[in-house]
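Undergrad: I have a structure here, written as C-alpha cells, and I will follow up with some questions on it.
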Amino acid sequence: MMFRRASNRTLSKSIRLAAPPARVWELITTVASITEWYDAWDAVESAGDEERLQVGTSFRLIRHRVGHDDIALCRVISVEAPRRLCWLQYAENLPTMSVEFDLVHLTEETTLLNHTRTWVEPQPLS
C-alpha cells in the first residue's frame with residue numbers, strides 16, 4: 001500500500017544535545033532503549049532478534065493505562081546512518097504517523113536532533 005501525507009498534519013521539534021552524534025545515533029537506534037527517550041511509552045517489544053533498528057524492523061510500543069494498554073505497531077522504513085531514522089507508527093483509532101529523526105552534527109560534542117511527525121493516510125493504488 002502506498003501512503004501520502006495528510007494535509008497540514010506535521011509537527012516538528014528540535015533539541016540540542018550535549019552528546020556526540022555517534023552516541024545519539026546509538027541511543028535512537030537501539031531497540032531496548034526506545035522507551036527511555038521516545039514519548040511516554042512503558043515498554044517496547046521487538047518482533048525479531050535485532051538489537052538495532054534497521055529497515056524492516058518491526059516493534060510494538062506499549063503504554064499502560066488503567067483498564068487497558070495503548071499499543072502502537074511500528075515498522076522502520078528508512079535508515080541513513082548516522083543521520084536519519086524513520087518509522088511508520090500505527091495505533092488503534094489514530095491516524096498512521098511517519099516518525100522521523102534527523103541528526104545534525106554541530107560540534108564534536110553537540111548534536112541537533114530534529115523530530116518530525118507527519119500523519120499519513122493510505123493512498124489507493126490506481
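Ordering of the C-alpha cells sets the chain letters (A, B, ...); residue numbers start at 1 within each chain; ligands are numbered from 1 in the order shown.
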If DSSP is run on the backbone, what residues of chain A are strand (DSSP E or B)? A reply as a compact mmCIF listing (two decimals) with C-alpha atoms, in the first residue's frame would be ideal.
TA:
# COMPACT_ATOMS: atom_id res chain seq x y z
CA MET A 2 1.26 3.47 -0.83
CA PHE A 3 0.97 6.37 1.61
CA ARG A 4 0.64 10.09 1.10
CA ARG A 5 0.94 12.93 3.55
CA ALA A 6 -2.32 14.01 5.17
CA SER A 7 -2.94 17.70 4.55
CA ASN A 8 -1.20 20.03 7.04
CA ARG A 9 -0.63 17.43 9.73
CA THR A 10 3.04 17.76 10.58
CA LEU A 11 4.64 18.54 13.94
CA SER A 12 8.35 19.23 14.28
CA LYS A 13 10.59 19.78 17.28
CA SER A 14 14.33 20.17 17.67
CA ILE A 15 16.57 19.65 20.66
CA ARG A 16 20.24 20.44 21.10
CA LEU A 17 22.02 17.61 22.91
CA THR A 30 18.88 0.64 19.97
CA ALA A 43 7.59 -0.97 27.14
CA VAL A 44 8.93 -1.94 23.74
CA GLU A 45 8.65 -5.40 22.19
CA SER A 46 10.63 -6.28 19.10
CA ARG A 52 19.45 -2.19 16.43
CA SER A 58 9.03 -4.16 13.48
CA PHE A 59 8.30 -3.37 17.11
CA ARG A 60 5.41 -2.58 19.44
CA LEU A 61 5.27 0.31 21.87
CA ILE A 62 3.06 -0.22 24.92
CA ARG A 63 1.68 2.39 27.32
CA HIS A 64 -0.08 1.01 30.41
CA ARG A 65 -3.37 2.71 31.26
CA HIS A 68 -6.26 -1.11 29.15
CA ASP A 69 -2.98 -0.67 27.29
CA ASP A 70 -2.29 1.68 24.37
CA ILE A 71 -0.33 -0.16 21.70
CA ALA A 72 1.43 1.28 18.67
CA LEU A 73 2.77 -1.00 15.95
CA CYS A 74 5.90 0.39 14.29
CA ARG A 75 7.94 -0.57 11.23
CA VAL A 76 11.23 1.06 10.26
CA ILE A 77 11.07 2.26 6.65
CA SER A 78 14.28 4.27 6.28
CA VAL A 79 17.72 4.37 7.88
CA GLU A 80 20.53 6.58 6.66
CA ARG A 84 18.33 9.79 9.63
CA LEU A 85 15.82 7.26 11.01
CA CYS A 86 12.16 6.91 10.03
CA TRP A 87 9.38 4.53 11.01
CA LEU A 88 5.65 4.25 10.40
CA GLN A 89 3.55 4.07 13.54
CA TYR A 90 0.05 2.54 13.62
CA ALA A 91 -2.24 2.78 16.63
CA THR A 96 -0.99 6.40 10.81
CA MET A 97 2.06 8.53 11.54
CA SER A 98 5.50 8.80 9.96
CA VAL A 99 8.07 9.42 12.72
CA GLU A 100 11.41 10.85 11.57
CA PHE A 101 14.61 11.73 13.39
CA ASP A 102 17.36 13.74 11.73
CA LEU A 103 20.72 14.31 13.42
CA VAL A 104 22.78 17.39 12.64
CA HIS A 105 26.42 17.31 13.72
CA LEU A 106 27.07 20.74 15.29
CA THR A 107 30.39 20.07 17.07
CA THR A 110 26.93 18.69 20.34
CA THR A 111 24.14 17.25 18.18
CA LEU A 112 20.91 18.82 17.00
CA LEU A 113 18.14 16.23 16.89
CA ASN A 114 15.15 17.13 14.70
CA HIS A 115 11.98 15.12 15.31
CA THR A 116 9.12 15.28 12.80
CA ARG A 117 5.76 13.54 12.95
CA THR A 118 3.66 13.51 9.82
CA TRP A 119 0.21 11.96 9.78
CA VAL A 120 -0.30 9.89 6.64
CA GLU A 121 -3.25 8.16 5.08
CA PRO A 122 -3.49 5.21 2.71
CA GLN A 123 -3.23 6.08 -0.98
Undergrad: Based on the backbone DSSP call, show me all residues of chain A assigned alpha helix (DSSP H), as number ranges by chain.
TA: A: 21-28, 34-37
Undergrad: Take the residues from that selection and write them out as a short mmCIF file (atom, residue, chain, number, x, y, z; two decimals), in the first residue's frame, keeping N, CA, C and O atoms.
TA:
data_model
loop_
_atom_site.label_atom_id
_atom_site.label_comp_id
_atom_site.auth_asym_id
_atom_site.auth_seq_id
_atom_site.Cartn_x
_atom_site.Cartn_y
_atom_site.Cartn_z
N PRO A 21 27.40 13.04 18.00
CA PRO A 21 26.41 12.43 17.12
C PRO A 21 26.41 10.89 17.17
O PRO A 21 25.35 10.28 17.16
N ALA A 22 27.57 10.29 17.27
CA ALA A 22 27.63 8.81 17.31
C ALA A 22 26.91 8.26 18.53
O ALA A 22 26.23 7.22 18.45
N ARG A 23 27.01 8.94 19.65
CA ARG A 23 26.32 8.48 20.87
C ARG A 23 24.81 8.63 20.74
O ARG A 23 24.04 7.76 21.14
N VAL A 24 24.37 9.75 20.16
CA VAL A 24 22.93 9.97 19.93
C VAL A 24 22.39 8.92 18.97
O VAL A 24 21.34 8.32 19.20
N TRP A 25 23.13 8.66 17.89
CA TRP A 25 22.71 7.66 16.90
C TRP A 25 22.58 6.28 17.55
O TRP A 25 21.61 5.57 17.33
N GLU A 26 23.54 5.92 18.38
CA GLU A 26 23.49 4.63 19.06
C GLU A 26 22.24 4.53 19.94
O GLU A 26 21.55 3.52 19.96
N LEU A 27 21.93 5.60 20.66
CA LEU A 27 20.76 5.60 21.54
C LEU A 27 19.47 5.44 20.74
O LEU A 27 18.63 4.60 21.06
N ILE A 28 19.28 6.25 19.69
CA ILE A 28 17.99 6.22 18.99
C ILE A 28 17.79 5.00 18.12
O ILE A 28 16.67 4.72 17.70
N ILE A 34 14.31 2.55 23.33
CA ILE A 34 13.30 3.46 22.76
C ILE A 34 12.43 4.09 23.85
O ILE A 34 12.16 5.28 23.82
N THR A 35 12.02 3.31 24.83
CA THR A 35 11.14 3.85 25.87
C THR A 35 11.84 4.83 26.80
O THR A 35 11.20 5.56 27.54
N GLU A 36 13.16 4.87 26.76
CA GLU A 36 13.90 5.82 27.59
C GLU A 36 13.85 7.24 27.05
O GLU A 36 14.06 8.19 27.79
N TRP A 37 13.56 7.40 25.74
CA TRP A 37 13.64 8.73 25.16
C TRP A 37 12.47 9.11 24.27
O TRP A 37 12.26 10.27 23.98
#
